[in-house]
Structures are given as C-alpha cells and as structure tokens.
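Below: structure.pdb (PDB, N, CA and C atoms)
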```
ATOM      1  N   MET N  41     -40.780 -33.714   7.835
ATOM      2  CA  MET N  41     -39.483 -34.341   7.751
ATOM      3  C   MET N  41     -38.717 -33.852   6.518
ATOM      4  N   PHE N  42     -39.433 -33.808   5.380
ATOM      5  CA  PHE N  42     -38.753 -33.386   4.160
ATOM      6  C   PHE N  42     -38.419 -31.898   4.186
ATOM      7  N   THR N  43     -39.273 -31.083   4.796
ATOM      8  CA  THR N  43     -38.965 -29.652   4.875
ATOM      9  C   THR N  43     -37.756 -29.431   5.769
ATOM     10  N   TRP N  44     -37.637 -30.176   6.850
ATOM     11  CA  TRP N  44     -36.478 -30.061   7.735
ATOM     12  C   TRP N  44     -35.214 -30.442   6.989
ATOM     13  N   LEU N  45     -35.286 -31.542   6.244
ATOM     14  CA  LEU N  45     -34.139 -32.000   5.468
ATOM     15  C   LEU N  45     -33.771 -30.980   4.389
ATOM     16  N   GLY N  46     -34.774 -30.380   3.749
ATOM     17  CA  GLY N  46     -34.516 -29.365   2.728
ATOM     18  C   GLY N  46     -33.843 -28.136   3.317
ATOM     19  N   LYS N  47     -34.278 -27.723   4.495
ATOM     20  CA  LYS N  47     -33.651 -26.563   5.152
ATOM     21  C   LYS N  47     -32.210 -26.862   5.541
ATOM     22  N   LYS N  48     -31.971 -28.051   6.035
ATOM     23  CA  LYS N  48     -30.598 -28.448   6.390
ATOM     24  C   LYS N  48     -29.707 -28.452   5.149
ATOM     25  N   TRP N  49     -30.232 -28.961   4.045
ATOM     26  CA  TRP N  49     -29.475 -28.991   2.795
ATOM     27  C   TRP N  49     -29.142 -27.577   2.319
ATOM     28  N   GLN N  50     -30.114 -26.678   2.372
ATOM     29  CA  GLN N  50     -29.888 -25.292   1.954
ATOM     30  C   GLN N  50     -28.874 -24.603   2.857
ATOM     31  N   SER N  51     -28.968 -24.819   4.149
ATOM     32  CA  SER N  51     -28.012 -24.176   5.053
ATOM     33  C   SER N  51     -26.616 -24.727   4.845
ATOM     34  N   TRP N  52     -26.487 -26.035   4.556
ATOM     35  CA  TRP N  52     -25.181 -26.614   4.293
ATOM     36  C   TRP N  52     -24.591 -26.046   3.006
ATOM     37  N   ARG N  53     -25.424 -25.880   1.972
ATOM     38  CA  ARG N  53     -24.940 -25.310   0.711
ATOM     39  C   ARG N  53     -24.505 -23.863   0.892
ATOM     40  N   ALA N  54     -25.258 -23.094   1.682
ATOM     41  CA  ALA N  54     -24.883 -21.696   1.951
ATOM     42  C   ALA N  54     -23.562 -21.645   2.717
ATOM     43  N   TYR N  55     -23.382 -22.553   3.652
ATOM     44  CA  TYR N  55     -22.135 -22.616   4.417
ATOM     45  C   TYR N  55     -20.960 -22.944   3.502
ATOM     46  N   ARG N  56     -21.109 -23.901   2.610
ATOM     47  CA  ARG N  56     -20.036 -24.267   1.688
ATOM     48  C   ARG N  56     -19.710 -23.125   0.732
ATOM     49  N   LYS N  57     -20.726 -22.385   0.305
ATOM     50  CA  LYS N  57     -20.492 -21.233  -0.570
ATOM     51  C   LYS N  57     -19.682 -20.176   0.169
ATOM     52  N   LEU N  58     -20.018 -19.939   1.419
ATOM     53  CA  LEU N  58     -19.284 -18.971   2.235
ATOM     54  C   LEU N  58     -17.830 -19.402   2.409
ATOM     55  N   ILE N  59     -17.615 -20.668   2.660
ATOM     56  CA  ILE N  59     -16.250 -21.184   2.819
ATOM     57  C   ILE N  59     -15.449 -20.989   1.543
ATOM     58  N   ARG N  60     -16.061 -21.234   0.391
ATOM     59  CA  ARG N  60     -15.359 -21.025  -0.884
ATOM     60  C   ARG N  60     -15.017 -19.559  -1.097
ATOM     61  N   GLU N  61     -15.917 -18.658  -0.688
ATOM     62  CA  GLU N  61     -15.677 -17.230  -0.903
ATOM     63  C   GLU N  61     -14.526 -16.710  -0.065
ATOM     64  N   VAL N  62     -14.317 -17.252   1.119
ATOM     65  CA  VAL N  62     -13.272 -16.736   2.007
ATOM     66  C   VAL N  62     -12.026 -17.617   2.004
ATOM     67  N   ASP N  63     -11.907 -18.487   1.020
ATOM     68  CA  ASP N  63     -10.738 -19.347   0.905
ATOM     69  C   ASP N  63      -9.522 -18.504   0.517
ATOM     70  N   PRO N  64      -8.373 -18.714   1.163
ATOM     71  CA  PRO N  64      -7.179 -17.920   0.832
ATOM     72  C   PRO N  64      -6.761 -18.022  -0.631
ATOM     73  N   ARG N  65      -6.955 -19.175  -1.247
ATOM     74  CA  ARG N  65      -6.588 -19.298  -2.664
ATOM     75  C   ARG N  65      -7.439 -18.389  -3.532
ATOM     76  N   ASN N  66      -8.688 -18.200  -3.131
ATOM     77  CA  ASN N  66      -9.573 -17.295  -3.856
ATOM     78  C   ASN N  66      -9.064 -15.858  -3.754
ATOM     79  N   PHE N  67      -8.558 -15.478  -2.581
ATOM     80  CA  PHE N  67      -7.998 -14.140  -2.417
ATOM     81  C   PHE N  67      -6.737 -13.963  -3.259
ATOM     82  N   GLN N  68      -5.940 -14.998  -3.360
ATOM     83  CA  GLN N  68      -4.750 -14.900  -4.194
ATOM     84  C   GLN N  68      -5.121 -14.716  -5.660
ATOM     85  N   LYS N  69      -6.141 -15.426  -6.117
ATOM     86  CA  LYS N  69      -6.600 -15.262  -7.500
ATOM     87  C   LYS N  69      -7.123 -13.853  -7.744
ATOM     88  N   MET N  70      -7.919 -13.346  -6.799
ATOM     89  CA  MET N  70      -8.468 -11.996  -6.959
ATOM     90  C   MET N  70      -7.360 -10.957  -6.954
ATOM     91  N   ALA N  71      -6.377 -11.142  -6.072
ATOM     92  CA  ALA N  71      -5.262 -10.193  -6.009
ATOM     93  C   ALA N  71      -4.469 -10.202  -7.307
ATOM     94  N   THR N  72      -4.262 -11.363  -7.877
ATOM     95  CA  THR N  72      -3.555 -11.452  -9.158
ATOM     96  C   THR N  72      -4.342 -10.759 -10.260
ATOM     97  N   GLU N  73      -5.643 -10.991 -10.267
ATOM     98  CA  GLU N  73      -6.490 -10.367 -11.289
ATOM     99  C   GLU N  73      -6.486  -8.847 -11.158
ATOM    100  N   ILE N  74      -6.610  -8.345  -9.946
ATOM    101  CA  ILE N  74      -6.632  -6.895  -9.734
ATOM    102  C   ILE N  74      -5.267  -6.298 -10.052
ATOM    103  N   HIS N  75      -4.200  -7.017  -9.744
ATOM    104  CA  HIS N  75      -2.857  -6.536 -10.080
ATOM    105  C   HIS N  75      -2.706  -6.391 -11.591
ATOM    106  N   GLU N  76      -3.202  -7.364 -12.342
ATOM    107  CA  GLU N  76      -3.139  -7.280 -13.802
ATOM    108  C   GLU N  76      -4.004  -6.139 -14.341
ATOM    109  N   LEU N  77      -5.169  -5.948 -13.743
ATOM    110  CA  LEU N  77      -6.010  -4.816 -14.145
ATOM    111  C   LEU N  77      -5.316  -3.486 -13.855
ATOM    112  N   ALA N  78      -4.614  -3.421 -12.740
ATOM    113  CA  ALA N  78      -3.889  -2.191 -12.400
ATOM    114  C   ALA N  78      -2.784  -1.926 -13.406
ATOM    115  N   ARG N  79      -2.091  -2.976 -13.840
ATOM    116  CA  ARG N  79      -1.056  -2.800 -14.866
ATOM    117  C   ARG N  79      -1.662  -2.280 -16.167
ATOM    118  N   LEU N  80      -2.796  -2.853 -16.531
ATOM    119  CA  LEU N  80      -3.478  -2.410 -17.746
ATOM    120  C   LEU N  80      -3.937  -0.961 -17.609
ATOM    121  N   ALA N  81      -4.474  -0.617 -16.442
ATOM    122  CA  ALA N  81      -4.919   0.757 -16.217
ATOM    123  C   ALA N  81      -3.732   1.724 -16.250
ATOM    124  N   ALA N  82      -2.585   1.295 -15.765
ATOM    125  CA  ALA N  82      -1.402   2.152 -15.794
ATOM    126  C   ALA N  82      -0.963   2.428 -17.232
ATOM    127  N   ARG N  83      -1.182   1.484 -18.113
ATOM    128  CA  ARG N  83      -0.809   1.685 -19.520
ATOM    129  C   ARG N  83      -1.726   2.674 -20.218
ATOM    130  N   VAL N  84      -3.025   2.613 -19.922
ATOM    131  CA  VAL N  84      -3.969   3.467 -20.638
ATOM    132  C   VAL N  84      -4.198   4.801 -19.945
ATOM    133  N   CYS N  85      -3.798   4.920 -18.698
ATOM    134  CA  CYS N  85      -3.987   6.161 -17.937
ATOM    135  C   CYS N  85      -2.945   7.184 -18.379
ATOM    136  N   PRO N  86      -3.357   8.424 -18.592
ATOM    137  CA  PRO N  86      -2.369   9.451 -18.951
ATOM    138  C   PRO N  86      -1.381   9.670 -17.807
ATOM    139  N   PRO N  87      -0.098   9.821 -18.121
ATOM    140  CA  PRO N  87       0.904  10.000 -17.057
ATOM    141  C   PRO N  87       0.734  11.343 -16.358
ATOM    142  N   GLY N  88       1.154  11.363 -15.102
ATOM    143  CA  GLY N  88       1.118  12.608 -14.345
ATOM    144  C   GLY N  88      -0.156  12.831 -13.561
ATOM    145  N   GLN N  89      -1.103  11.962 -13.666
ATOM    146  CA  GLN N  89      -2.330  12.127 -12.902
ATOM    147  C   GLN N  89      -2.182  11.451 -11.551
ATOM    148  N   GLU N  90      -3.035  11.856 -10.617
ATOM    149  CA  GLU N  90      -3.019  11.213  -9.307
ATOM    150  C   GLU N  90      -3.516   9.778  -9.398
ATOM    151  N   LEU N  91      -4.238   9.463 -10.460
ATOM    152  CA  LEU N  91      -4.702   8.103 -10.676
ATOM    153  C   LEU N  91      -3.524   7.149 -10.842
ATOM    154  N   ALA N  92      -2.455   7.622 -11.462
ATOM    155  CA  ALA N  92      -1.272   6.779 -11.652
ATOM    156  C   ALA N  92      -0.666   6.402 -10.303
ATOM    157  N   GLU N  93      -0.674   7.321  -9.368
ATOM    158  CA  GLU N  93      -0.156   7.027  -8.023
ATOM    159  C   GLU N  93      -1.058   6.025  -7.306
ATOM    160  N   GLN N  94      -2.356   6.169  -7.458
ATOM    161  CA  GLN N  94      -3.282   5.226  -6.844
ATOM    162  C   GLN N  94      -3.114   3.831  -7.442
ATOM    163  N   ILE N  95      -2.879   3.767  -8.727
ATOM    164  CA  ILE N  95      -2.689   2.482  -9.392
ATOM    165  C   ILE N  95      -1.420   1.814  -8.878
ATOM    166  N   ALA N  96      -0.358   2.586  -8.685
ATOM    167  CA  ALA N  96       0.880   2.026  -8.141
ATOM    168  C   ALA N  96       0.646   1.494  -6.720
ATOM    169  N   ASN N  97      -0.149   2.216  -5.936
ATOM    170  CA  ASN N  97      -0.472   1.741  -4.587
ATOM    171  C   ASN N  97      -1.273   0.445  -4.636
ATOM    172  N   ILE N  98      -2.194   0.349  -5.575
ATOM    173  CA  ILE N  98      -2.998  -0.870  -5.715
ATOM    174  C   ILE N  98      -2.094  -2.046  -6.070
ATOM    175  N   GLU N  99      -1.166  -1.837  -6.990
ATOM    176  CA  GLU N  99      -0.247  -2.916  -7.367
ATOM    177  C   GLU N  99       0.555  -3.390  -6.156
ATOM    178  N   HIS N 100       1.049  -2.446  -5.373
ATOM    179  CA  HIS N 100       1.835  -2.784  -4.180
ATOM    180  C   HIS N 100       0.979  -3.547  -3.162
ATOM    181  N   GLU N 101      -0.231  -3.088  -2.936
ATOM    182  CA  GLU N 101      -1.115  -3.745  -1.964
ATOM    183  C   GLU N 101      -1.519  -5.142  -2.428
ATOM    184  N   MET N 102      -1.698  -5.334  -3.714
ATOM    185  CA  MET N 102      -2.071  -6.664  -4.208
ATOM    186  C   MET N 102      -0.907  -7.634  -4.054
ATOM    187  N   ASP N 103       0.317  -7.147  -4.231
ATOM    188  CA  ASP N 103       1.481  -7.999  -3.978
ATOM    189  C   ASP N 103       1.529  -8.409  -2.505
ATOM    190  N   ARG N 104       1.269  -7.450  -1.626
ATOM    191  CA  ARG N 104       1.257  -7.759  -0.186
ATOM    192  C   ARG N 104       0.146  -8.741   0.159
ATOM    193  N   LEU N 105      -1.022  -8.569  -0.444
ATOM    194  CA  LEU N 105      -2.140  -9.461  -0.159
ATOM    195  C   LEU N 105      -1.837 -10.886  -0.608
ATOM    196  N   LYS N 106      -1.182 -11.025  -1.757
ATOM    197  CA  LYS N 106      -0.835 -12.371  -2.223
ATOM    198  C   LYS N 106       0.073 -13.079  -1.223
ATOM    199  N   THR N 107       1.056 -12.360  -0.694
ATOM    200  CA  THR N 107       1.956 -12.989   0.279
ATOM    201  C   THR N 107       1.241 -13.246   1.605
ATOM    202  N   MET N 108       0.364 -12.335   2.017
ATOM    203  CA  MET N 108      -0.371 -12.529   3.264
ATOM    204  C   MET N 108      -1.329 -13.708   3.169
ATOM    205  N   ALA N 109      -1.986 -13.871   2.028
ATOM    206  CA  ALA N 109      -2.955 -14.952   1.862
ATOM    207  C   ALA N 109      -2.271 -16.317   1.833
ATOM    208  N   SER N 110      -1.007 -16.347   1.526
ATOM    209  CA  SER N 110      -0.299 -17.628   1.488
ATOM    210  C   SER N 110       0.173 -18.061   2.870
ATOM    211  N   ARG N 111       0.093 -17.182   3.849
ATOM    212  CA  ARG N 111       0.527 -17.518   5.209
ATOM    213  C   ARG N 111      -0.601 -18.147   6.018
ATOM    214  N   PRO N 112      -0.255 -18.991   6.980
ATOM    215  CA  PRO N 112      -1.288 -19.628   7.812
ATOM    216  C   PRO N 112      -2.063 -18.642   8.690
ATOM    217  N   GLU N 113      -1.471 -17.499   9.002
ATOM    218  CA  GLU N 113      -2.150 -16.513   9.841
ATOM    219  C   GLU N 113      -3.400 -15.954   9.166
ATOM    220  N   PHE N 114      -3.414 -15.986   7.850
ATOM    221  CA  PHE N 114      -4.566 -15.458   7.113
ATOM    222  C   PHE N 114      -5.821 -16.275   7.399
ATOM    223  N   LYS N 115      -5.658 -17.573   7.579
ATOM    224  CA  LYS N 115      -6.797 -18.436   7.867
ATOM    225  C   LYS N 115      -7.392 -18.149   9.245
ATOM    226  N   ARG N 116      -6.612 -17.537  10.112
ATOM    227  CA  ARG N 116      -7.094 -17.232  11.460
ATOM    228  C   ARG N 116      -7.954 -15.973  11.514
ATOM    229  N   LEU N 117      -7.968 -15.213  10.437
ATOM    230  CA  LEU N 117      -8.846 -14.040  10.402
ATOM    231  C   LEU N 117     -10.300 -14.506  10.464
ATOM    232  N   SER N 118     -11.119 -13.698  11.082
ATOM    233  CA  SER N 118     -12.533 -14.068  11.171
ATOM    234  C   SER N 118     -13.177 -14.039   9.786
ATOM    235  N   THR N 119     -14.250 -14.771   9.664
ATOM    236  CA  THR N 119     -14.963 -14.835   8.392
ATOM    237  C   THR N 119     -15.501 -13.460   8.012
ATOM    238  N   GLY N 120     -15.940 -12.706   9.000
ATOM    239  CA  GLY N 120     -16.462 -11.367   8.732
ATOM    240  C   GLY N 120     -15.403 -10.451   8.148
ATOM    241  N   LYS N 121     -14.187 -10.504   8.708
ATOM    242  CA  LYS N 121     -13.106  -9.667   8.184
ATOM    243  C   LYS N 121     -12.723 -10.076   6.770
ATOM    244  N   ARG N 122     -12.726 -11.379   6.516
ATOM    245  CA  ARG N 122     -12.393 -11.834   5.168
ATOM    246  C   ARG N 122     -13.486 -11.462   4.168
ATOM    247  N   LEU N 123     -14.737 -11.476   4.611
ATOM    248  CA  LEU N 123     -15.819 -11.037   3.726
ATOM    249  C   LEU N 123     -15.709  -9.552   3.416
ATOM    250  N   LEU N 124     -15.346  -8.744   4.416
ATOM    251  CA  LEU N 124     -15.139  -7.312   4.170
ATOM    252  C   LEU N 124     -13.983  -7.081   3.213
ATOM    253  N   LEU N 125     -12.921  -7.853   3.373
ATOM    254  CA  LEU N 125     -11.780  -7.747   2.465
ATOM    255  C   LEU N 125     -12.185  -8.128   1.049
ATOM    256  N   ARG N 126     -12.979  -9.173   0.917
ATOM    257  CA  ARG N 126     -13.454  -9.593  -0.400
ATOM    258  C   ARG N 126     -14.311  -8.505  -1.037
ATOM    259  N   GLN N 127     -15.172  -7.892  -0.239
ATOM    260  CA  GLN N 127     -16.018  -6.821  -0.748
ATOM    261  C   GLN N 127     -15.162  -5.649  -1.215
ATOM    262  N   GLY N 128     -14.132  -5.308  -0.457
ATOM    263  CA  GLY N 128     -13.226  -4.233  -0.860
ATOM    264  C   GLY N 128     -12.487  -4.556  -2.146
ATOM    265  N   LEU N 129     -12.102  -5.816  -2.308
ATOM    266  CA  LEU N 129     -11.422  -6.220  -3.538
ATOM    267  C   LEU N 129     -12.354  -6.131  -4.736
ATOM    268  N   GLU N 130     -13.596  -6.508  -4.543
ATOM    269  CA  GLU N 130     -14.559  -6.404  -5.647
ATOM    270  C   GLU N 130     -14.800  -4.950  -6.031
ATOM    271  N   GLU N 131     -14.853  -4.062  -5.038
ATOM    272  CA  GLU N 131     -15.026  -2.635  -5.331
ATOM    273  C   GLU N 131     -13.805  -2.087  -6.062
ATOM    274  N   SER N 132     -12.614  -2.505  -5.659
ATOM    275  CA  SER N 132     -11.392  -2.062  -6.337
ATOM    276  C   SER N 132     -11.383  -2.523  -7.790
ATOM    277  N   ARG N 133     -11.817  -3.746  -8.006
ATOM    278  CA  ARG N 133     -11.875  -4.264  -9.374
ATOM    279  C   ARG N 133     -12.826  -3.427 -10.221
ATOM    280  N   GLU N 134     -13.991  -3.098  -9.674
ATOM    281  CA  GLU N 134     -14.963  -2.283 -10.407
ATOM    282  C   GLU N 134     -14.404  -0.891 -10.704
ATOM    283  N   GLN N 135     -13.717  -0.284  -9.739
ATOM    284  CA  GLN N 135     -13.136   1.039  -9.958
ATOM    285  C   GLN N 135     -12.070   0.993 -11.046
ATOM    286  N   LEU N 136     -11.252  -0.054 -11.038
ATOM    287  CA  LEU N 136     -10.237  -0.177 -12.086
ATOM    288  C   LEU N 136     -10.877  -0.371 -13.456
ATOM    289  N   MET N 137     -11.936  -1.152 -13.502
ATOM    290  CA  MET N 137     -12.630  -1.352 -14.773
ATOM    291  C   MET N 137     -13.209  -0.034 -15.281
ATOM    292  N   GLN N 138     -13.737   0.782 -14.382
ATOM    293  CA  GLN N 138     -14.261   2.090 -14.783
ATOM    294  C   GLN N 138     -13.136   3.004 -15.243
ATOM    295  N   ALA N 139     -11.987   2.961 -14.555
ATOM    296  CA  ALA N 139     -10.854   3.796 -14.949
ATOM    297  C   ALA N 139     -10.352   3.404 -16.330
ATOM    298  N   ILE N 140     -10.331   2.122 -16.599
ATOM    299  CA  ILE N 140      -9.892   1.659 -17.918
ATOM    300  C   ILE N 140     -10.900   2.071 -18.983
ATOM    301  N   GLY N 141     -12.179   1.980 -18.649
ATOM    302  CA  GLY N 141     -13.218   2.328 -19.606
ATOM    303  C   GLY N 141     -13.305   3.809 -19.910
ATOM    304  N   THR N 142     -12.950   4.652 -18.961
ATOM    305  CA  THR N 142     -13.035   6.099 -19.167
ATOM    306  C   THR N 142     -11.724   6.724 -19.622
ATOM    307  N   ALA N 143     -10.726   5.908 -19.860
ATOM    308  CA  ALA N 143      -9.426   6.435 -20.300
ATOM    309  C   ALA N 143      -9.600   7.089 -21.673
ATOM    310  N   PRO N 144      -8.900   8.199 -21.881
ATOM    311  CA  PRO N 144      -9.019   8.861 -23.192
ATOM    312  C   PRO N 144      -8.380   8.014 -24.291
ATOM    313  N   SER N 145      -8.883   8.180 -25.467
ATOM    314  CA  SER N 145      -8.378   7.432 -26.615
ATOM    315  C   SER N 145      -6.978   7.929 -26.983
ATOM    316  N   VAL N 146      -6.157   7.008 -27.421
ATOM    317  CA  VAL N 146      -4.793   7.349 -27.795
ATOM    318  C   VAL N 146      -4.757   8.127 -29.108
ATOM    319  N   THR N 147      -5.680   7.831 -29.978
ATOM    320  CA  THR N 147      -5.710   8.486 -31.283
ATOM    321  C   THR N 147      -7.099   9.039 -31.546
ATOM    322  N   THR N 148      -7.163  10.043 -32.392
ATOM    323  CA  THR N 148      -8.466  10.605 -32.742
ATOM    324  C   THR N 148      -9.035   9.952 -34.000
ATOM    325  N   THR N 149      -8.217   9.152 -34.668
ATOM    326  CA  THR N 149      -8.672   8.477 -35.866
ATOM    327  C   THR N 149      -9.515   7.274 -35.492
ATOM    328  N   LEU N 150     -10.678   7.180 -36.145
ATOM    329  CA  LEU N 150     -11.532   6.023 -35.890
ATOM    330  C   LEU N 150     -10.908   4.786 -36.509
ATOM    331  N   GLN N 151     -11.001   3.702 -35.824
ATOM    332  CA  GLN N 151     -10.425   2.456 -36.308
ATOM    333  C   GLN N 151     -11.470   1.671 -37.070
TER     334      GLN N 151
END
```

Same coordinates, now as structure tokens:
Amino acid sequence: MFTWLGKKWQSWRAYRKLIREVDPRNFQKMATEIHELARLAARVCPPGQELAEQIANIEHEMDRLKTMASRPEFKRLSTGKRLLLRQGLEESREQLMQAIGTAPSVTTTLQ
C-alpha cells in the first residue's frame, strides 16, 4: 500500500515539474533572458562578423517568442513540442554564454 502511494506521489511530482517547465510564462522569462544575453553578446562581439548577424536574428526571434507565448494558441501546442522548444532555448543560451566568454578582450592592459 505504501509503495503504491509513494509511486503515485512521485509520478504526480514529475507531472507537476513537467507542467512548470512548459508553462508559457516560463518561456517568456527564458526569451527575455536570452534576449538580454544577445544584447550583451552584441556589445562584446567584434563588429563585422557573421556572429553579429546571428545575434540580431536571435534578438528578433526572442521578441517573436515572447509575443507568441502570450497568446492562447501557445498553450495548444503539444507538450513534446514545447519541451523541444525549451531544449532549443537552453542550447541557445549556452551558445551565447560561450560567445560572450570567448570574445576578445577590449584592451591588452591587465586590469
């Protein structure tokens, strides 16, 4: 009896975690965060590189995602599609963090 109850509790907690991960408000927060990271990357990225164009595209797509996530149609997307979108957003965030980390230093003088 207790093992059955424990399994039900674990499955309910996993379900609630999944619901929180695919919540539209969570996507809006992630899009805002990635948009800010893209702005920061645009500042530290040397001008004229193809990376600057990719960063501009990311900023545009994050603006679109914020507006899409605020619409009721977004909730109608399947959980699988929203999980894939979340995974893509996490990968974009990691790539931006790497781009910011590998940006060349503005000055050669040690601070």

**Report entry** Separation of atom N of Ala54 (chain N) from atom C of Ala109 (chain N) in Å
**Finding:** 24.0 Å

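Evaluated against this file, the PyMOL selection byres ((chain N and resi 75) around 8) yields Lys69, Met70, Ala71, Thr72, Glu73, Ile74, Glu76, Leu77, Ala78, Arg79, Leu80, Ala81, Ile98, Glu99, His100, Glu101, Met102 and Asp103 of chain N.
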
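Here CA of Ser132 (chain N) is placed at a distance of 23.6 Å from CA of Glu113 (chain N).
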
Report task. List every residue of chain N that DSSP, applied to the backbone of this structure, places in helix (DSSP H, G or I), and write the result as a ChimeraX atom specification. Result -> /N:42-61,64-84,90-109,112-116,119-141

Could you give me the axis-aligned bounding box of region 108-118 of chain N, with 8 Å of padding per side, as centre plus edge lengths in Å to one decimal, as JSON?
```
{"center_x": -6.3, "center_y": -16.0, "center_z": 6.5, "size_x": 29.7, "size_y": 23.3, "size_z": 26.0}
```

Excluding Leu124 (chain N) and its own-chain neighbours fewer than 6 positions away, which residues fall within 12 Å of it when counting only C-alpha atoms? Please give them as a compact mmCIF listing (two decimals) with N, CA and C atoms, keeping the file's coordinate frame.
```
# COMPACT_ATOMS: atom_id res chain seq x y z
N GLU N 61 -15.92 -18.66 -0.69
CA GLU N 61 -15.68 -17.23 -0.90
C GLU N 61 -14.53 -16.71 -0.06
N VAL N 62 -14.32 -17.25 1.12
CA VAL N 62 -13.27 -16.74 2.01
C VAL N 62 -12.03 -17.62 2.00
N PHE N 67 -8.56 -15.48 -2.58
CA PHE N 67 -8.00 -14.14 -2.42
C PHE N 67 -6.74 -13.96 -3.26
N LEU N 117 -7.97 -15.21 10.44
CA LEU N 117 -8.85 -14.04 10.40
C LEU N 117 -10.30 -14.51 10.46
N SER N 118 -11.12 -13.70 11.08
CA SER N 118 -12.53 -14.07 11.17
C SER N 118 -13.18 -14.04 9.79
N GLU N 130 -13.60 -6.51 -4.54
CA GLU N 130 -14.56 -6.40 -5.65
C GLU N 130 -14.80 -4.95 -6.03
N GLU N 131 -14.85 -4.06 -5.04
CA GLU N 131 -15.03 -2.64 -5.33
C GLU N 131 -13.80 -2.09 -6.06
```

Query raised in the report: Looking at only N, CA and C atoms, which of N:Ser51, N:Lys57, N:Arg111, N:Ile95 is the one that sits closest to Ala82 (chain N)?
Result: N:Ile95

Requested in this report: For the point (-4.0, 5.5, -13.7) in the file's frame, write as an MDAnalysis selection string all residues with an atom no more than 12 Å away, counting only C-alpha atoms.
Outcome: chainID N and resid 77:99 135:144

May I have the selected residues written with N, CA and C atoms, as a short mmCIF file (atom, residue, chain, number, x, y, z; two decimals), in the coordinates of the input?
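Output file out10.cif follows:
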```
data_model
loop_
_atom_site.label_atom_id
_atom_site.label_comp_id
_atom_site.auth_asym_id
_atom_site.auth_seq_id
_atom_site.Cartn_x
_atom_site.Cartn_y
_atom_site.Cartn_z
N LEU N 77 -5.17 -5.95 -13.74
CA LEU N 77 -6.01 -4.82 -14.14
C LEU N 77 -5.32 -3.49 -13.86
N ALA N 78 -4.61 -3.42 -12.74
CA ALA N 78 -3.89 -2.19 -12.40
C ALA N 78 -2.78 -1.93 -13.41
N ARG N 79 -2.09 -2.98 -13.84
CA ARG N 79 -1.06 -2.80 -14.87
C ARG N 79 -1.66 -2.28 -16.17
N LEU N 80 -2.80 -2.85 -16.53
CA LEU N 80 -3.48 -2.41 -17.75
C LEU N 80 -3.94 -0.96 -17.61
N ALA N 81 -4.47 -0.62 -16.44
CA ALA N 81 -4.92 0.76 -16.22
C ALA N 81 -3.73 1.72 -16.25
N ALA N 82 -2.58 1.30 -15.76
CA ALA N 82 -1.40 2.15 -15.79
C ALA N 82 -0.96 2.43 -17.23
N ARG N 83 -1.18 1.48 -18.11
CA ARG N 83 -0.81 1.68 -19.52
C ARG N 83 -1.73 2.67 -20.22
N VAL N 84 -3.02 2.61 -19.92
CA VAL N 84 -3.97 3.47 -20.64
C VAL N 84 -4.20 4.80 -19.94
N CYS N 85 -3.80 4.92 -18.70
CA CYS N 85 -3.99 6.16 -17.94
C CYS N 85 -2.94 7.18 -18.38
N PRO N 86 -3.36 8.42 -18.59
CA PRO N 86 -2.37 9.45 -18.95
C PRO N 86 -1.38 9.67 -17.81
N PRO N 87 -0.10 9.82 -18.12
CA PRO N 87 0.90 10.00 -17.06
C PRO N 87 0.73 11.34 -16.36
N GLY N 88 1.15 11.36 -15.10
CA GLY N 88 1.12 12.61 -14.34
C GLY N 88 -0.16 12.83 -13.56
N GLN N 89 -1.10 11.96 -13.67
CA GLN N 89 -2.33 12.13 -12.90
C GLN N 89 -2.18 11.45 -11.55
N GLU N 90 -3.04 11.86 -10.62
CA GLU N 90 -3.02 11.21 -9.31
C GLU N 90 -3.52 9.78 -9.40
N LEU N 91 -4.24 9.46 -10.46
CA LEU N 91 -4.70 8.10 -10.68
C LEU N 91 -3.52 7.15 -10.84
N ALA N 92 -2.46 7.62 -11.46
CA ALA N 92 -1.27 6.78 -11.65
C ALA N 92 -0.67 6.40 -10.30
N GLU N 93 -0.67 7.32 -9.37
CA GLU N 93 -0.16 7.03 -8.02
C GLU N 93 -1.06 6.02 -7.31
N GLN N 94 -2.36 6.17 -7.46
CA GLN N 94 -3.28 5.23 -6.84
C GLN N 94 -3.11 3.83 -7.44
N ILE N 95 -2.88 3.77 -8.73
CA ILE N 95 -2.69 2.48 -9.39
C ILE N 95 -1.42 1.81 -8.88
N ALA N 96 -0.36 2.59 -8.68
CA ALA N 96 0.88 2.03 -8.14
C ALA N 96 0.65 1.49 -6.72
N ASN N 97 -0.15 2.22 -5.94
CA ASN N 97 -0.47 1.74 -4.59
C ASN N 97 -1.27 0.44 -4.64
N ILE N 98 -2.19 0.35 -5.58
CA ILE N 98 -3.00 -0.87 -5.72
C ILE N 98 -2.09 -2.05 -6.07
N GLU N 99 -1.17 -1.84 -6.99
CA GLU N 99 -0.25 -2.92 -7.37
C GLU N 99 0.56 -3.39 -6.16
N GLN N 135 -13.72 -0.28 -9.74
CA GLN N 135 -13.14 1.04 -9.96
C GLN N 135 -12.07 0.99 -11.05
N LEU N 136 -11.25 -0.05 -11.04
CA LEU N 136 -10.24 -0.18 -12.09
C LEU N 136 -10.88 -0.37 -13.46
N MET N 137 -11.94 -1.15 -13.50
CA MET N 137 -12.63 -1.35 -14.77
C MET N 137 -13.21 -0.03 -15.28
N GLN N 138 -13.74 0.78 -14.38
CA GLN N 138 -14.26 2.09 -14.78
C GLN N 138 -13.14 3.00 -15.24
N ALA N 139 -11.99 2.96 -14.56
CA ALA N 139 -10.85 3.80 -14.95
C ALA N 139 -10.35 3.40 -16.33
N ILE N 140 -10.33 2.12 -16.60
CA ILE N 140 -9.89 1.66 -17.92
C ILE N 140 -10.90 2.07 -18.98
N GLY N 141 -12.18 1.98 -18.65
CA GLY N 141 -13.22 2.33 -19.61
C GLY N 141 -13.30 3.81 -19.91
N THR N 142 -12.95 4.65 -18.96
CA THR N 142 -13.04 6.10 -19.17
C THR N 142 -11.72 6.72 -19.62
N ALA N 143 -10.73 5.91 -19.86
CA ALA N 143 -9.43 6.44 -20.30
C ALA N 143 -9.60 7.09 -21.67
N PRO N 144 -8.90 8.20 -21.88
CA PRO N 144 -9.02 8.86 -23.19
C PRO N 144 -8.38 8.01 -24.29
#
```

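Across the structure, atom N of Arg133 (chain N) and atom N of Gln68 (chain N) are spaced 13.5 Å apart.
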
Report summary line: One residue among N:Lys48, N:Arg60, N:Arg53, N:Lys106 is nearest to Leu123 (chain N) when using only C-alpha atoms, and that residue is N:Arg60
